[in-house]
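Asks: Sending over upload_30.txt (compact mmCIF, C-alpha atoms).
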```
# COMPACT_ATOMS: atom_id res chain seq x y z
CA MET X 79 115.25 150.32 132.62
CA GLN X 80 112.55 150.23 129.97
CA THR X 81 109.29 151.83 130.89
CA MET X 82 106.06 150.57 129.49
CA ARG X 83 103.24 152.84 128.35
CA ALA X 84 99.80 152.19 129.67
CA PRO X 85 97.32 151.24 126.96
CA ALA X 86 95.12 154.10 125.73
CA PRO X 87 91.84 154.19 127.57
CA ARG X 88 88.89 152.76 125.67
CA ALA X 89 86.20 155.19 124.65
CA THR X 90 83.54 155.40 127.27
CA ALA X 91 79.85 155.61 126.49
CA GLN X 92 79.92 159.26 127.55
CA SER X 93 82.82 160.09 125.22
CA ARG X 94 81.08 158.34 122.32
CA VAL X 95 77.92 160.37 122.96
CA SER X 96 79.98 163.56 123.03
CA ALA X 97 81.70 162.62 119.77
CA ASN X 98 78.35 161.87 118.12
CA ARG X 99 76.96 165.20 119.27
CA ALA X 100 80.00 167.00 117.88
CA ALA X 101 79.55 165.17 114.55
CA ARG X 102 75.89 166.15 114.43
CA ARG X 103 76.79 169.76 115.19
CA SER X 104 79.28 169.64 112.32
CA LEU X 105 76.61 168.33 109.99
CA VAL X 106 74.21 171.05 111.11
CA VAL X 107 76.84 173.72 110.44
CA GLN X 108 77.51 172.23 107.00
CA ALA X 109 73.78 172.14 106.23
CA ALA X 110 73.45 175.76 107.31
CA LYS X 111 76.24 176.74 104.92
CA ASP X 112 74.48 174.98 102.04
CA LYS X 113 71.06 176.52 102.59
CA THR X 114 68.79 177.25 99.65
CA VAL X 115 69.18 180.71 98.15
CA VAL X 116 65.84 182.16 97.00
CA ILE X 117 65.56 184.55 94.05
CA GLY X 118 62.39 186.47 93.16
CA LEU X 119 61.54 187.57 89.62
CA ALA X 120 58.49 189.81 89.21
CA ALA X 121 56.82 190.88 85.98
CA ASP X 122 53.49 191.03 84.24
CA SER X 123 52.37 188.23 81.94
CA GLY X 124 54.13 188.15 78.57
CA CYS X 125 57.16 190.20 79.67
CA GLY X 126 59.96 187.74 78.98
CA LYS X 127 60.17 185.84 82.28
CA SER X 128 60.57 182.47 80.52
CA THR X 129 63.43 183.72 78.34
CA PHE X 130 65.12 185.29 81.35
CA MET X 131 64.84 181.99 83.24
CA ARG X 132 66.47 180.06 80.41
CA ARG X 133 69.37 182.52 80.26
CA MET X 134 69.86 182.48 84.01
CA THR X 135 69.70 178.71 84.52
CA SER X 136 72.16 178.11 81.66
CA ILE X 137 74.79 179.97 83.69
CA PHE X 138 74.58 177.22 86.32
CA GLY X 139 74.64 174.34 83.85
CA GLY X 140 72.18 171.72 82.71
CA VAL X 141 69.03 171.93 80.63
CA PRO X 142 65.95 173.04 82.56
CA LYS X 143 63.21 170.40 82.37
CA PRO X 144 59.87 169.70 84.09
CA PRO X 145 59.94 167.18 86.94
CA ALA X 146 60.70 163.74 85.49
CA GLY X 147 57.64 161.52 85.07
CA GLY X 148 55.29 164.25 86.24
CA ASN X 149 52.52 166.36 84.75
CA PRO X 150 53.48 167.33 81.16
CA ASP X 151 51.78 170.68 81.76
CA SER X 152 53.91 171.43 84.83
CA ASN X 153 55.24 175.00 85.04
CA THR X 154 58.26 173.95 87.13
CA LEU X 155 61.73 173.79 85.56
CA ILE X 156 64.57 171.87 87.21
CA SER X 157 68.23 171.92 86.19
CA ASP X 158 71.59 171.13 87.82
CA MET X 159 71.48 173.76 90.58
CA THR X 160 68.20 175.60 90.08
CA THR X 161 64.48 174.99 90.41
CA VAL X 162 62.14 177.58 88.92
CA ILE X 163 58.61 177.77 90.31
CA CYS X 164 55.85 179.71 88.58
CA LEU X 165 53.72 181.56 91.12
CA ASP X 166 50.63 181.06 88.96
CA ASP X 167 50.60 177.66 90.69
CA TYR X 168 49.38 179.47 93.81
CA HIS X 169 46.18 180.74 92.22
CA CYS X 170 43.35 179.77 94.55
CA LEU X 171 40.79 180.29 91.77
CA ASP X 172 40.91 178.55 88.41
CA ARG X 173 40.00 180.35 85.19
CA ASN X 174 36.27 179.74 85.55
CA GLY X 175 36.38 180.58 89.26
CA ARG X 176 37.91 183.98 88.47
CA LYS X 177 35.23 184.56 85.85
CA VAL X 178 32.47 183.76 88.34
CA ALA X 179 34.07 185.94 91.03
CA GLY X 180 34.67 188.79 88.57
CA VAL X 181 38.41 189.07 89.31
CA THR X 182 41.56 188.84 87.22
CA ALA X 183 44.57 186.58 87.79
CA LEU X 184 46.40 189.64 89.16
CA ALA X 185 44.00 190.25 92.04
CA PRO X 186 45.31 189.33 95.52
CA GLU X 187 42.07 187.50 96.32
CA ALA X 188 42.85 185.07 93.47
CA GLN X 189 46.12 183.97 95.18
CA ASN X 190 46.82 181.60 98.07
CA PHE X 191 49.54 183.65 99.77
CA ASP X 192 49.50 181.52 102.93
CA LEU X 193 50.39 178.39 100.96
CA MET X 194 52.94 180.33 98.88
CA TYR X 195 54.70 181.55 102.01
CA ASN X 196 54.64 178.20 103.79
CA GLN X 197 56.03 176.30 100.79
CA VAL X 198 58.74 178.82 99.87
CA LYS X 199 59.78 178.87 103.53
CA ALA X 200 59.89 175.07 103.65
CA LEU X 201 61.99 174.86 100.48
CA LYS X 202 64.37 177.48 101.84
CA GLU X 203 64.75 175.33 104.95
CA GLY X 204 65.62 172.28 102.86
CA LYS X 205 62.25 170.54 103.05
CA PRO X 206 60.29 169.09 100.09
CA VAL X 207 56.76 170.31 99.32
CA ASP X 208 53.73 169.11 97.38
CA LYS X 209 53.15 172.16 95.20
CA PRO X 210 49.91 172.72 93.26
CA ILE X 211 49.92 173.14 89.48
CA TYR X 212 47.94 175.75 87.57
CA ASN X 213 47.32 174.39 84.07
CA HIS X 214 47.66 177.25 81.56
CA VAL X 215 46.13 175.10 78.82
CA THR X 216 42.90 174.09 80.58
CA GLY X 217 42.76 176.90 83.14
CA LEU X 218 42.26 174.31 85.89
CA LEU X 219 44.15 173.53 89.10
CA ASP X 220 45.80 170.12 88.61
CA ALA X 221 47.01 167.61 91.19
CA PRO X 222 50.10 168.74 93.12
CA GLU X 223 53.68 167.73 92.31
CA LYS X 224 56.50 167.00 94.75
CA ILE X 225 59.35 169.53 94.66
CA GLU X 226 62.66 168.96 96.44
CA SER X 227 64.69 171.82 97.90
CA PRO X 228 67.39 172.95 95.41
CA PRO X 229 70.59 174.96 95.90
CA ILE X 230 68.89 177.90 94.14
CA LEU X 231 65.13 178.40 94.13
CA VAL X 232 63.67 180.96 91.73
CA ILE X 233 60.08 182.05 92.22
CA GLU X 234 58.79 183.93 89.19
CA GLY X 235 55.43 185.47 88.50
CA LEU X 236 53.09 188.30 89.29
CA HIS X 237 53.41 188.62 93.07
CA PRO X 238 56.82 187.51 94.44
CA PHE X 239 57.27 190.73 96.45
CA TYR X 240 53.60 191.49 97.16
CA ASP X 241 53.18 189.47 100.36
CA LYS X 242 55.59 190.80 102.98
CA ARG X 243 56.20 187.34 104.44
CA VAL X 244 57.24 185.93 101.05
CA SER X 245 59.26 189.02 100.18
CA GLU X 246 61.32 188.70 103.36
CA LEU X 247 62.33 185.15 102.34
CA LEU X 248 63.98 186.43 99.15
CA ASP X 249 67.74 186.89 98.98
CA PHE X 250 67.68 188.82 95.70
CA LYS X 251 64.86 190.53 93.79
CA ILE X 252 64.60 191.27 90.06
CA TYR X 253 61.82 193.12 88.26
CA LEU X 254 61.15 193.21 84.50
CA ASP X 255 59.63 196.62 83.77
CA ILE X 256 58.23 196.62 80.24
CA SER X 257 56.54 199.71 78.78
CA ASP X 258 52.93 199.32 77.62
CA ASP X 259 53.74 199.53 73.88
CA ILE X 260 56.46 196.90 74.04
CA LYS X 261 54.41 194.67 76.35
CA PHE X 262 51.49 194.70 73.95
CA ALA X 263 53.68 193.62 71.02
CA TRP X 264 55.32 190.84 73.05
CA LYS X 265 52.05 189.55 74.48
CA ILE X 266 50.48 189.30 71.04
CA GLN X 267 53.47 187.35 69.77
CA ARG X 268 53.44 184.91 72.72
CA ASP X 269 49.72 184.38 73.26
CA MET X 270 48.81 184.10 69.59
CA ALA X 271 51.74 181.89 68.58
CA GLU X 272 52.12 179.72 71.68
CA ARG X 273 48.70 179.66 73.33
CA GLY X 274 46.37 180.07 70.36
CA HIS X 275 44.58 183.17 71.66
CA SER X 276 42.90 185.56 69.23
CA LEU X 277 44.00 189.18 68.81
CA GLU X 278 40.64 190.39 70.12
CA SER X 279 40.89 188.25 73.26
CA ILE X 280 44.44 189.49 73.93
CA LYS X 281 43.38 193.13 73.62
CA ALA X 282 40.40 192.55 75.92
CA SER X 283 42.61 190.75 78.45
CA ILE X 284 45.16 193.58 78.52
CA GLU X 285 42.49 196.23 79.07
CA ALA X 286 40.79 194.17 81.80
CA ARG X 287 44.09 193.51 83.60
CA LYS X 288 45.56 197.03 83.49
CA PRO X 289 43.84 198.46 86.62
CA ASP X 290 44.98 195.45 88.68
CA PHE X 291 48.46 195.61 87.17
CA ASP X 292 48.77 199.26 88.18
CA ALA X 293 47.45 198.50 91.67
CA TYR X 294 49.20 195.23 92.58
CA ILE X 295 52.06 194.34 90.21
CA ASP X 296 53.75 197.57 89.15
CA PRO X 297 54.33 198.88 92.72
CA GLN X 298 56.57 195.86 93.45
CA LYS X 299 59.35 197.28 91.29
CA LYS X 300 60.33 199.78 93.98
CA ASP X 301 61.49 196.83 96.13
CA ALA X 302 63.68 195.16 93.49
CA ASP X 303 67.48 195.04 93.72
CA MET X 304 67.83 195.07 89.94
CA ILE X 305 65.33 196.23 87.32
CA ILE X 306 65.45 195.61 83.58
CA GLN X 307 63.41 198.39 82.00
CA VAL X 308 62.43 198.06 78.32
CA LEU X 309 61.35 201.22 76.49
CA PRO X 310 60.85 202.37 72.89
CA THR X 311 64.05 203.56 71.24
CA GLN X 312 65.09 207.21 71.25
CA LEU X 313 67.13 206.72 68.07
CA VAL X 314 64.16 206.48 65.67
CA PRO X 315 61.21 208.88 65.99
CA ASP X 316 57.80 207.18 66.26
CA ASP X 317 59.28 203.67 66.19
CA LYS X 318 56.65 200.95 66.79
CA GLY X 319 58.77 198.62 68.91
CA GLN X 320 61.20 197.36 66.27
CA TYR X 321 64.13 198.79 68.24
CA LEU X 322 64.48 198.85 72.01
CA ARG X 323 66.04 201.10 74.62
CA VAL X 324 66.90 198.90 77.60
CA ARG X 325 68.00 200.13 81.03
CA LEU X 326 69.60 198.07 83.79
CA ILE X 327 68.79 199.80 87.09
CA MET X 328 70.93 198.62 90.02
CA LYS X 329 70.51 199.63 93.66
CA GLU X 330 73.59 200.95 95.40
CA GLY X 331 74.76 199.80 98.82
CA SER X 332 73.80 196.12 98.61
CA LYS X 333 75.97 193.57 100.41
CA MET X 334 74.87 190.92 97.93
CA PHE X 335 76.23 192.33 94.64
CA ASP X 336 78.29 195.13 93.08
CA PRO X 337 76.62 197.24 90.36
CA VAL X 338 78.07 197.04 86.86
CA TYR X 339 79.69 200.18 85.48
CA LEU X 340 80.90 201.48 82.12
CA PHE X 341 84.45 202.91 81.93
CA ASP X 342 84.50 204.82 85.26
CA GLU X 343 82.41 203.98 88.31
CA GLY X 344 80.13 206.81 89.41
CA SER X 345 80.69 208.98 86.33
CA THR X 346 78.04 209.97 83.79
CA ILE X 347 78.98 208.63 80.38
CA SER X 348 77.33 208.61 76.96
CA TRP X 349 79.10 206.35 74.46
CA ILE X 350 78.57 205.44 70.81
CA PRO X 351 80.68 202.31 70.18
CA CYS X 352 83.12 202.36 67.28
CA GLY X 353 81.42 201.12 64.11
CA ARG X 354 84.60 199.33 63.00
CA LYS X 355 84.60 197.20 66.17
CA LEU X 356 80.86 196.63 66.65
CA THR X 357 78.86 196.14 63.47
CA CYS X 358 75.51 197.87 63.77
CA SER X 359 73.07 198.52 60.96
CA PHE X 360 70.56 201.37 61.23
CA PRO X 361 69.95 202.92 63.74
CA GLY X 362 73.18 201.82 65.43
CA ILE X 363 73.83 201.66 69.19
CA LYS X 364 74.14 204.25 71.92
CA MET X 365 75.12 203.40 75.48
CA PHE X 366 74.74 205.38 78.68
CA TYR X 367 75.89 204.96 82.27
CA GLY X 368 75.41 207.13 85.32
CA PRO X 369 73.94 207.63 88.80
CA ASP X 370 70.22 208.18 89.34
CA THR X 371 67.48 207.67 91.95
CA TRP X 372 64.72 205.04 91.97
CA TYR X 373 61.81 205.67 94.35
CA GLY X 374 64.09 207.73 96.54
CA GLN X 375 66.95 205.21 96.53
CA GLU X 376 70.38 205.70 94.95
CA VAL X 377 70.95 203.55 91.86
CA SER X 378 73.36 203.15 88.97
CA VAL X 379 71.90 202.88 85.48
CA LEU X 380 73.45 201.14 82.46
CA GLU X 381 71.60 201.64 79.19
CA MET X 382 71.75 200.25 75.65
CA ASP X 383 69.63 201.78 72.89
CA GLY X 384 69.51 200.06 69.49
CA GLN X 385 70.84 196.70 68.35
CA PHE X 386 73.99 195.05 67.02
CA ASP X 387 74.44 192.70 64.06
CA LYS X 388 77.29 190.34 64.99
CA LEU X 389 76.91 188.70 68.38
CA GLU X 390 80.57 187.67 68.60
CA GLU X 391 81.55 191.37 68.47
CA LEU X 392 79.71 192.01 71.74
CA ILE X 393 83.02 191.27 73.47
CA TYR X 394 84.06 194.79 72.44
CA VAL X 395 81.29 196.20 74.65
CA GLU X 396 81.97 193.62 77.36
CA SER X 397 85.62 194.68 77.53
CA HIS X 398 84.55 198.17 78.66
CA LEU X 399 82.23 196.93 81.43
CA SER X 400 83.43 196.30 84.99
CA ASN X 401 81.90 194.50 88.00
CA THR X 402 80.03 192.16 85.64
CA SER X 403 80.62 189.12 87.92
CA ALA X 404 82.01 187.21 84.92
CA LYS X 405 84.46 184.43 85.81
CA PHE X 406 86.67 185.07 82.80
CA TYR X 407 87.15 187.53 79.97
CA GLY X 408 84.39 187.00 77.42
CA GLU X 409 81.98 184.97 79.57
CA ILE X 410 79.07 187.33 78.83
CA THR X 411 79.67 187.07 75.08
CA GLN X 412 80.03 183.29 75.38
CA GLN X 413 76.68 183.03 77.18
CA MET X 414 75.01 185.26 74.58
CA LEU X 415 76.38 183.13 71.75
CA LYS X 416 75.23 179.94 73.48
CA ASN X 417 71.71 181.33 73.70
CA SER X 418 71.72 183.20 70.39
CA GLY X 419 68.34 181.79 69.40
CA PHE X 420 66.59 183.42 72.36
CA PRO X 421 64.58 186.64 71.87
CA GLY X 422 66.59 189.81 72.58
CA SER X 423 69.97 188.33 71.66
CA ASN X 424 70.85 191.33 69.48
CA ASN X 425 69.93 194.09 71.97
CA GLY X 426 70.05 195.15 75.59
CA THR X 427 67.39 192.71 76.83
CA GLY X 428 69.58 189.67 76.23
CA LEU X 429 72.72 191.43 77.45
CA PHE X 430 71.18 192.64 80.70
CA GLN X 431 69.34 189.37 81.37
CA THR X 432 72.71 187.63 81.09
CA ILE X 433 74.33 190.11 83.48
CA CYS X 434 71.46 189.61 85.95
CA GLY X 435 72.09 185.86 85.76
CA LEU X 436 75.74 186.43 86.63
CA LYS X 437 74.64 188.59 89.57
CA VAL X 438 72.43 185.74 90.82
CA ARG X 439 75.56 183.58 90.80
CA GLU X 440 77.42 186.32 92.71
CA VAL X 441 74.64 186.46 95.31
CA TYR X 442 74.76 182.67 95.74
CA GLU X 443 78.53 182.72 96.19
CA ARG X 444 78.45 185.53 98.73
CA ILE X 445 75.75 183.89 100.83
CA LEU X 446 77.34 180.43 100.83
CA LYS X 447 80.92 181.75 100.73
CA LYS X 448 81.95 179.31 98.01
CA ASP X 449 82.62 179.52 94.28
CA VAL X 450 80.49 178.15 91.48
CA VAL X 451 82.44 176.75 88.54
CA ALA X 452 81.47 178.51 85.31
CA ALA X 453 79.23 176.26 83.19
```
How does the structure come out when it is put into structure tokens?

Replies:
Amino acid sequence: MQTMRAPAPRATAQSRVSANRAARRSLVVQAAKDKTVVIGLAADSGCGKSTFMRRMTSIFGGVPKPPAGGNPDSNTLISDMTTVICLDDYHCLDRNGRKVAGVTALAPEAQNFDLMYNQVKALKEGKPVDKPIYNHVTGLLDAPEKIESPPILVIEGLHPFYDKRVSELLDFKIYLDISDDIKFAWKIQRDMAERGHSLESIKASIEARKPDFDAYIDPQKKDADMIIQVLPTQLVPDDKGQYLRVRLIMKEGSKMFDPVYLFDEGSTISWIPCGRKLTCSFPGIKMFYGPDTWYGQEVSVLEMDGQFDKLEELIYVESHLSNTSAKFYGEITQQMLKNSGFPGSNNGTGLFQTICGLKVREVYERILKKDVVAA
């Protein structure tokens, strides 16, 4: 005798509500996985933040551009996965207001830290903000611009780690530590060539800013996860900044990234690369790697002193580095070649900025637990 199956029960209103709730929970979980990762980059004015940003964003693909159809003097740069915000936009005093108040742009009282915190927090939570614009040409505060929450938000400027509330929102912190002699040479080159400032005004600005830099900006470097330190060379006595000694200082024990090492992790190594494999005119190149301490914390230090002549030969150095976070053999060299026109492409500044960019990618992947395809 053939038995007949009863028809499947129709979904009740209660079951549909339960299914909808489950779907919403799934969407919430997915949204939580794809949260915005926030990177902080701290440095004084004229220390190479813009070049670093271009190197870093190129790792994620796309050409960084200001918001489409917006203020042509916007400081914001948007590319495929990243949005870079300049913290100068959170000045609460314009150029004339600082002059009247007798404060520099580095002083805490010239910043709107409440707005900075609220907007970085909102962006990290996936919400858009109407961010102010500080116009570096006119020195005025322009009308705000709308910024959407990106996969990776980079806040760069003078005070990303200064306010504890903002600092605690950051997933990864980088500091550019430039010695006074090198900073002076770079600032003259940038402010005279790009912003039309006179040599006398640049010198006066540096002297006026130094006490506030020492008090409010420089102390932030102790909180950074990675520090790029740029010093005069030790290869040429009394060099005036033509050659650079660059150190990449990496904190040990982080869950977000693995420090790079040369040859053997944890060892102390001094290495002069073979001149037949890495073409270097005078004064050549010397590399160093070893453990150290940074404000009482254990760090690893990778150092390059001098410069190389043929960028494509950098792969010889790259082949001896480990834990670089490169996706494939030669990715560092490829990135350096792609950005060969950027300042520092023949010395440790470009090399270590590129490695920092790869570490930002590593941090993003670890937080979201998913891979980023190499650009």

Asks: Find the residues around range 233-238 of chain X up to 7 Å (all atoms listed in the file counted), leave out those fewer than 3 positions away in its own chain, and share them as a PyMOL selection string.

Replies: chain X and resi 117-122+162-166+184+244-245+295

Asks: Using only C-alpha atoms, pick whichever of X:Asp292, X:Asp342, X:Asp255, X:Asp387 has the shortest atom-to-atom distance to Gly362 in chain X.

Replies: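 Result for the nearest residue to Gly362 in chain X: X:Asp387.
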
Asks: Out of X:Glu226, X:Asp269, X:Asp290, X:Asp249, which residue has the shortest atom-to-atom distance to Val181 in chain X when counting all atoms listed in the file?

Replies: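 Smallest distance to Val181 in chain X is found for X:Asp290.
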
Asks: Write out as a PyMOL selection string the residues lying within 7 Å of range 388-404 of chain X, counting all atoms listed in the file and excluding same-chain residues fewer than 2 positions away.

Replies: chain X and resi 336-341+355-357+386+406+408-411+415+424+433+436-437+440

Asks: Tell me, in Å to one decimal, how far CA of Leu218 in chain X is from CA of Arg133 in chain X.

Replies: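 Rounded to one decimal, the two atoms are 28.9 Å apart.
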
Asks: Of the candidates X:Ser348, X:Ser227, X:Asn174, X:Ser128, which shows the shortest atom-to-atom distance to Val116 in chain X, using only C-alpha atoms?

Replies: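 Of all the options, X:Ser227 lies closest to Val116 in chain X.
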
Asks: Hey, which of X:Thr427, X:Ser123, X:Asn153, X:Thr114 ends up closest to Val198 in chain X? Count all atoms listed in the file.

Replies: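 Counting all atoms listed in the file, the residue closest to Val198 in chain X is X:Thr114.
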
Asks: Pull the neighbourhood of (75.3, 203.8, 71.2) for me: all residues within 10 Å in file coordinates, counting only C-alpha atoms, as a list in words.

Replies: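 With a cut-off of 10 Å, the residues come to Leu313, Ser348, Trp349, Ile350, Pro351, Cys352, Gly353, Cys358, Pro361, Gly362, Ile363, Lys364, Met365, Phe366, Glu381, Met382, Asp383, Gly384, Gln385 and Phe386 of chain X.
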
Asks: So that I have them on file, write out the residues from the current selection with C-alpha atoms, as a PDB file, in the coordinates of the input.

Replies:
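Below is the file that was written, again06.pdb:
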```pdb
ATOM      1  CA  LEU X 313      67.130 206.720  68.070  1.00  0.00           C
ATOM      2  CA  SER X 348      77.330 208.610  76.960  1.00  0.00           C
ATOM      3  CA  TRP X 349      79.100 206.350  74.460  1.00  0.00           C
ATOM      4  CA  ILE X 350      78.570 205.440  70.810  1.00  0.00           C
ATOM      5  CA  PRO X 351      80.680 202.310  70.180  1.00  0.00           C
ATOM      6  CA  CYS X 352      83.120 202.360  67.280  1.00  0.00           C
ATOM      7  CA  GLY X 353      81.420 201.120  64.110  1.00  0.00           C
ATOM      8  CA  CYS X 358      75.510 197.870  63.770  1.00  0.00           C
ATOM      9  CA  PRO X 361      69.950 202.920  63.740  1.00  0.00           C
ATOM     10  CA  GLY X 362      73.180 201.820  65.430  1.00  0.00           C
ATOM     11  CA  ILE X 363      73.830 201.660  69.190  1.00  0.00           C
ATOM     12  CA  LYS X 364      74.140 204.250  71.920  1.00  0.00           C
ATOM     13  CA  MET X 365      75.120 203.400  75.480  1.00  0.00           C
ATOM     14  CA  PHE X 366      74.740 205.380  78.680  1.00  0.00           C
ATOM     15  CA  GLU X 381      71.600 201.640  79.190  1.00  0.00           C
ATOM     16  CA  MET X 382      71.750 200.250  75.650  1.00  0.00           C
ATOM     17  CA  ASP X 383      69.630 201.780  72.890  1.00  0.00           C
ATOM     18  CA  GLY X 384      69.510 200.060  69.490  1.00  0.00           C
ATOM     19  CA  GLN X 385      70.840 196.700  68.350  1.00  0.00           C
ATOM     20  CA  PHE X 386      73.990 195.050  67.020  1.00  0.00           C
TER      21      PHE X 386
END
```

Asks: Just checking: using all atoms listed in the file, which residue out of X:Asp192, X:Gly428, X:Val232, X:Ile327 ends up closest to Gly126 in chain X?

Replies: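 Smallest distance to Gly126 in chain X is found for X:Gly428.
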
Asks: Which residue is closest to Asn213 in chain X? Choose from X:Lys251, X:His169, X:Lys448, X:Lys143 and count all atoms listed in the file.

Replies: X:His169

Asks: Excluding same-chain residues fewer than 4 positions from range 278-289 of chain X, what lies within 8 Å of it counting all atoms listed in the file, as a tab-separated table (two decimals) with C-alpha atoms, in the frame of the given file?

Replies:
```tsv
chain	number	residue	atom	x	y	z
X	182	THR	CA	41.56	188.84	87.22
X	184	LEU	CA	46.40	189.64	89.16
X	262	PHE	CA	51.49	194.70	73.95
X	265	LYS	CA	52.05	189.55	74.48
X	266	ILE	CA	50.48	189.30	71.04
X	269	ASP	CA	49.72	184.38	73.26
X	293	ALA	CA	47.45	198.50	91.67
```

Asks: Tell me which protein, DNA and RNA residues are within 12 Å of Asp151 in chain X, counting all atoms listed in the file, leaving out same-chain ones fewer than 5 positions away, and put them as number ranges by chain.

Replies: X: 143-146, 167, 210-223

Asks: Around the point (63.0, 178.6, 107.3) in the file's coordinates, collect all residues with an atom within 12 Å, using only C-alpha atoms, and return them as a ChimeraX atom specification.

Replies: /X:110,113-116,195-205,227,243-244,246-248

Asks: Kindly assemble as a tab-separated table a list of the range 267-339 of chain X residues that lie within 12 Å of range 368-380 of chain X, each paired with its nearest atom pair and their distance in Å to one decimal, using only C-alpha atoms, sorted first by chain and then by ascending residue number.

Replies:
```
residue	atom	partner	partner_atom	distance
X:Pro297	CA	X:Tyr373	CA	10.2
X:Gln298	CA	X:Tyr373	CA	11.2
X:Lys299	CA	X:Tyr373	CA	9.3
X:Lys300	CA	X:Tyr373	CA	6.1
X:Asp301	CA	X:Tyr373	CA	9.0
X:Ala302	CA	X:Trp372	CA	10.1
X:Asp303	CA	X:Val377	CA	9.4
X:Met304	CA	X:Val377	CA	9.2
X:Ile305	CA	X:Val379	CA	9.5
X:Ile306	CA	X:Leu380	CA	9.8
X:Gln307	CA	X:Val379	CA	10.2
X:Arg323	CA	X:Leu380	CA	10.8
X:Val324	CA	X:Leu380	CA	8.5
X:Arg325	CA	X:Leu380	CA	5.7
X:Leu326	CA	X:Leu380	CA	5.1
X:Ile327	CA	X:Val379	CA	4.7
X:Met328	CA	X:Ser378	CA	5.2
X:Lys329	CA	X:Val377	CA	4.3
X:Glu330	CA	X:Val377	CA	5.1
X:Gly331	CA	X:Glu376	CA	8.3
X:Ser332	CA	X:Val377	CA	10.4
X:Asp336	CA	X:Ser378	CA	10.3
X:Pro337	CA	X:Ser378	CA	6.9
X:Val338	CA	X:Leu380	CA	7.6
X:Tyr339	CA	X:Leu380	CA	7.0
```

Asks: Rounded to one decimal place, report the CA of Leu254 in chain X-CA of Lys318 in chain X distance in Å.

Replies: 19.8 Å

Asks: Which value, in Å to one decimal, gives the distance between CA of Val207 in chain X and CA of Pro228 in chain X?

Replies: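 Computing the Euclidean distance for CA of Val207 in chain X and CA of Pro228 in chain X yields 11.6 Å.
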